[in-house]
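Everything below concerns the one structure shown next.
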Amino acid sequence: MSKARIDGLDYVFIRMARERPFVIATHRSQEVVNVLLRVRSGGNEGIGVVAPNIVTGDTPESAIHFLQDLIGVLPSEELTVAQLHDLMSSISEEDNAAKCGVDTAFHDLLARMEGKPLCDLLGRVKDRIETSVTIGIMGIQESLAAIHQRSMAGFQILKLKVGLDLDRDLYIINEVRRRYPKMVLRVDCNQAFTTEEANAFMEAITPIGIQFVEQPVDADDVEGLCEVGRSSKIPVMADESVRSAEDIERIGRLQGVRLVNIKLAKVGGILPAIELSRRCEFHGMKAMVGCMSECEASISAGLHFALSQDCVEYADLDSHLSLIDDPTSAISMEKGFLSTLPLPGLGIDLGSTDRQSIEGSHIDWKAIRYEKFNGW
C-alpha cells in the first residue's frame with residue numbers, strides 16, 4: 001500500500017443521544033461521544049473516528065492525550081500504515097480506540113489519494129454483507145416492540161442481549177422464535193455467566209435454533225469459554241476475550257471456539273484487524289465484524305474491512321441506527337444489507353442535507369498540538 005506524510009491532526013467531539021437507554025449485562029448508556037479525527041497531508045485529508053468504550057478503557061480525554069503524544073513524534077517523511085502503527089505502539093500499548101481513529105483516517109487518506117473506495121484498495125472480495133440488529137436488555141413488552149420495529153424495517157438477523165434476568169431472557173428468546181420463525185437469532189451474553197451457568201443456558205436454548213452465542217463467560221476465562229464451546233451444540237463466539245492476534249492463537253490452541261468477533265476499535269484499527277482475520281483463517285475459524293458505540297462514519301471502516309476479507313462471514317454493524325443525531329453518513333443499507341458508496345476512501349460525508357451538521361453548518365476542527373503530559 002502507498003505512503004503519505006502526516007502534516008497535522010485535527011479533531012472535534014460529536015455527542016449523540018440514543019433512541020432509548022442501551023443496557024447490556026455489564027453497563028448502561030444513554031449518550032454516545034465519538035471523536036471525529038482528520039489527518040492532513042498536503043492538500044489531501046482523511047477522516048477517522050475514535051469510539052471510546054469501556055472494553056478498551058479509552059475516554060475522549062485519554063484519546064486527546066494520545067493524539068498529542070503522537071503529533072510530537074510524527075516524522076517529516078512519508079509513512080506506511082505499518083510504520084504508523086509502530087510509532088503508535090512506541091507511545092502506548094493501550095489506547096486501541098484512539099489508534100483505530102488514526103488508523104482509519106490514514107487508510108481513508110491513502111484510498112482518497114488513489115481515488116478508490118478503501119475496500120478496493122485492500123482487495124474487495126464481496127459487494128455487500130448482511131448485518132444483525134441488536135436489541136439491548138429492556139422490559140419484555142418494550143423488547144418485543146423494538147423487535148417488531150426492526151422486523152418491519154426489513155432486518156432478518158436479530159441479536160439479543162442477555163445476562164441480567166435468566167427467566168426474562170429465556171421468555172424473550174422463545175417468544176421471538178414463536179413470532180418470527182424465519183428470523184436468524186444470535187445471543188450476546190457480554191460475560192454474564194460462570195462456566196456452569198453458561199453450560200446450563202446453552203442447553204436451555206439449544207432447541208430454539210440459535211445461530212451462535214457470544215462471550216458467555218468472563219473475558220479472562222478463556223479456558224472456560226473454550227470449555228463451553230466444546231460442550232455446546234450451539235457455536236460459541238469470542239468477543240471480549242480477543243483483543244490481539246495472541247488471543248486468537250491461545251483460543252486456537254485450546255479449541256472449542258469456532259467464531260471470533262473482530263471490532264476495529266477493540267483491536268486498534270484496520271491493519272491489526274486484517275492480522276486477526278488471517279490468524280482466524282489459519283485456525284479454521286470464521287469471523288464477524290462488530291462495533292462499539294459508533295457513528296456511521298466509523299461503521300464504514302468496519303464495512304470496508306469486512307468486504308475485503310474472506311474470513312469475515314458475519315456482521316454486526318448497527319450501532320449508528322440507534323443514534324438520533326448522527327451527523328455523518330458513509331454507507332448504503334437496504335433491508336439489512338450494507339454496501340459501500342461509490343466514493344473514494346471510506347465514502348464519508350459530513351453534514352449531509354438530511355442530517356444534523358456538526359456544530360452547525362461549519363465543522364469547528366481543533367488542531368492537535370504536542371503538549372508534554374507529566375501525569376495527573
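Note on naming: chains are A, B, ... as they come in the C-alpha cells, residues start from 1 per chain, ligands start from 1 in the order shown.
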
So which residues of segment 94-318 of chain A fall under alpha helix (DSSP H) by DSSP, listed as an MDAnalysis selection string?
-> chainID A and resid 96:114 118:122 140:152 166:179 195:205 222:231 245:254 264:267 270:282 296:306

Using DSSP on the backbone coordinates, identify the residues of segment 246-367 of chain A assigned to strand (DSSP E); present them as JSON, numbers by chain.
-> {"A": [259, 260, 261, 262, 263, 286, 287, 288, 289, 290, 312, 313, 314, 315, 328, 329, 331, 332, 333, 334, 337, 338, 339, 340, 349, 350, 366, 367]}

Between A:Asn96, A:Thr194, A:Asn44, A:Gln215, which has the minimum distance to Asp108 of chain A (counting only C-alpha atoms)?
->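 With only C-alpha atoms as the atom set, the closest residue is A:Asn44.
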
Which residue out of A:Asp326, A:Glu61, A:Glu294, A:Glu94 has the minimum interatomic distance to Ala17 of chain A when only C-alpha atoms are used?
->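 Comparing A:Asp326, A:Glu61, A:Glu294, A:Glu94 against Ala17 of chain A, the winner is A:Asp326.
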
Coordinates-based distance that separates atom CA of Ala265 of chain A from atom CA of His320 of chain A (Å, one decimal) | 14.6 Å

For Val312 of chain A, which residue out of A:Arg230, A:Met333, A:Val125, A:Glu240 is the nearest one, using only C-alpha atoms?
->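 The shortest atom-to-atom distance to Val312 of chain A comes from A:Val125.
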
Work out how far atom CA of Ile14 of chain A is from atom CA of Ser143 of chain A, in Å to one decimal.
->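 One can read the atom CA of Ser143 of chain A to atom CA of Ile14 of chain A distance as 27.9 Å.
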
Extract, using only C-alpha atoms, all DNA, RNA and protein residues at most 9 Å from Phe337 of chain A, discarding same-chain residues fewer than 5 positions from it, and format them as a list of chain:residue names.
->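 Residues meeting the cut-off are A:Arg128, A:Ile129, A:Glu130, A:Thr131, A:Phe155, A:Ser332.
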
All residues 6 Å or closer to segment 18-25 of chain A, only C-alpha atoms, same chain fewer than 4 positions away omitted, as an mmCIF file with N, CA and C atoms, in the first residue's frame:
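What follows is the written file out26.cif:
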data_model
loop_
_atom_site.group_PDB
_atom_site.id
_atom_site.type_symbol
_atom_site.label_atom_id
_atom_site.label_comp_id
_atom_site.auth_asym_id
_atom_site.auth_seq_id
_atom_site.Cartn_x
_atom_site.Cartn_y
_atom_site.Cartn_z
ATOM 1 N N SER A 29 -25.965 2.899 28.908
ATOM 2 C CA SER A 29 -25.603 4.219 28.374
ATOM 3 C C SER A 29 -26.801 4.870 27.694
ATOM 4 N N GLN A 30 -26.832 6.184 27.738
ATOM 5 C CA GLN A 30 -27.898 6.964 27.100
ATOM 6 C C GLN A 30 -27.357 7.929 26.054
ATOM 7 N N GLU A 31 -26.056 8.157 26.076
ATOM 8 C CA GLU A 31 -25.420 9.082 25.150
ATOM 9 C C GLU A 31 -24.117 8.491 24.653
ATOM 10 N N GLY A 136 -31.053 -4.332 23.020
ATOM 11 C CA GLY A 136 -30.489 -4.309 24.361
ATOM 12 C C GLY A 136 -31.451 -4.902 25.376
ATOM 13 N N ILE A 137 -31.021 -4.947 26.617
ATOM 14 C CA ILE A 137 -31.837 -5.510 27.688
ATOM 15 C C ILE A 137 -32.880 -4.478 28.121
ATOM 16 N N GLY A 163 -28.432 -11.614 30.091
ATOM 17 C CA GLY A 163 -27.486 -11.772 31.183
ATOM 18 C C GLY A 163 -27.862 -11.183 32.520
ATOM 19 N N LEU A 164 -28.956 -10.410 32.600
ATOM 20 C CA LEU A 164 -29.343 -9.831 33.883
ATOM 21 C C LEU A 164 -30.489 -10.572 34.553
ATOM 22 N N ASN A 190 -22.304 -11.007 26.856
ATOM 23 C CA ASN A 190 -21.412 -9.995 27.435
ATOM 24 C C ASN A 190 -20.840 -10.413 28.786
ATOM 25 N N ALA A 192 -21.727 -12.617 31.050
ATOM 26 C CA ALA A 192 -22.665 -12.633 32.177
ATOM 27 C C ALA A 192 -22.560 -13.851 33.080
ATOM 28 N N SER A 322 -29.196 3.371 16.179
ATOM 29 C CA SER A 322 -29.875 3.777 17.416
ATOM 30 C C SER A 322 -29.506 5.188 17.845
ATOM 31 N N LEU A 323 -28.719 5.906 17.028
ATOM 32 C CA LEU A 323 -28.299 7.256 17.371
ATOM 33 C C LEU A 323 -29.217 8.272 16.699
ATOM 34 N N ILE A 324 -29.763 9.172 17.489
ATOM 35 C CA ILE A 324 -30.762 10.114 16.979
ATOM 36 C C ILE A 324 -30.124 11.164 16.070
#

Between A:Ala245, A:Leu350, A:Val50, A:Ile173, which is the closest to Leu271 of chain A once you count only C-alpha atoms?
->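 When distances to Leu271 of chain A are compared using only C-alpha atoms, the smallest one comes from A:Ala245.
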
From A:Arg168, A:Arg112, A:Arg278, A:His27, residue lying nearest Ser2 of chain A [only C-alpha atoms] =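 Smallest distance to Ser2 of chain A is found for A:Arg112.
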
Non-local contacts of segment 145-152 of chain A (10 Å; only C-alpha atoms; under 2 positions in same chain excluded) as a PyMOL selection string = chain A and resi 133-136+138-143+154-160+176+179-180+183+335-336

For the residues in the current selection, export C-alpha atoms as a short mmCIF file (atom, residue, chain, number, x, y, z; two decimals), in the first residue's frame.
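Output saved as again20.cif:
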data_model
loop_
_atom_site.label_atom_id
_atom_site.label_comp_id
_atom_site.auth_asym_id
_atom_site.auth_seq_id
_atom_site.Cartn_x
_atom_site.Cartn_y
_atom_site.Cartn_z
CA VAL A 133 -29.62 -5.54 14.52
CA THR A 134 -29.10 -5.52 18.28
CA ILE A 135 -31.79 -5.39 20.96
CA GLY A 136 -30.49 -4.31 24.36
CA MET A 138 -35.27 -3.97 28.31
CA GLY A 139 -38.62 -4.94 29.72
CA ILE A 140 -40.42 -7.73 27.88
CA GLN A 141 -43.02 -5.59 26.13
CA GLU A 142 -40.51 -2.87 25.27
CA SER A 143 -38.17 -5.51 23.83
CA GLY A 154 -36.61 -5.40 6.85
CA PHE A 155 -33.95 -6.79 9.19
CA GLN A 156 -33.72 -10.59 9.12
CA ILE A 157 -30.96 -11.12 11.69
CA LEU A 158 -31.54 -10.29 15.35
CA LYS A 159 -29.00 -10.16 18.16
CA LEU A 160 -30.47 -10.33 21.66
CA VAL A 176 -39.18 -14.16 19.36
CA ARG A 179 -43.41 -14.84 16.46
CA TYR A 180 -40.60 -14.81 13.87
CA MET A 183 -35.61 -14.79 11.83
CA LYS A 335 -33.19 -4.41 4.26
CA GLY A 336 -30.23 -5.12 6.48
#

For Asp239 of chain A, which of A:Val162, A:Val213, A:Leu341, A:Leu87 is the closest residue, counting only C-alpha atoms?
-> A:Val213

Neighbour list for Ala273 of chain A as a PyMOL selection string, cut-off 12 Å, only C-alpha atoms, skip fewer than 2 positions in-chain = chain A and resi 96+100+103-104+242-245+248+260-271+275-280+287-290+301-302+304-306+308-309+311-312

Work out how far apart atom CA of Arg40 of chain A and atom CA of Leu9 of chain A are and give it in Å to one decimal.
->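 Separating atom CA of Arg40 of chain A from atom CA of Leu9 of chain A is a distance of 6.3 Å.
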
Using only C-alpha atoms, which residues sit within 6 Å of Glu296 of chain A once same-chain residues fewer than 2 positions away are excluded, as number ranges by chain?
-> A: 298-299, 320, 328-329
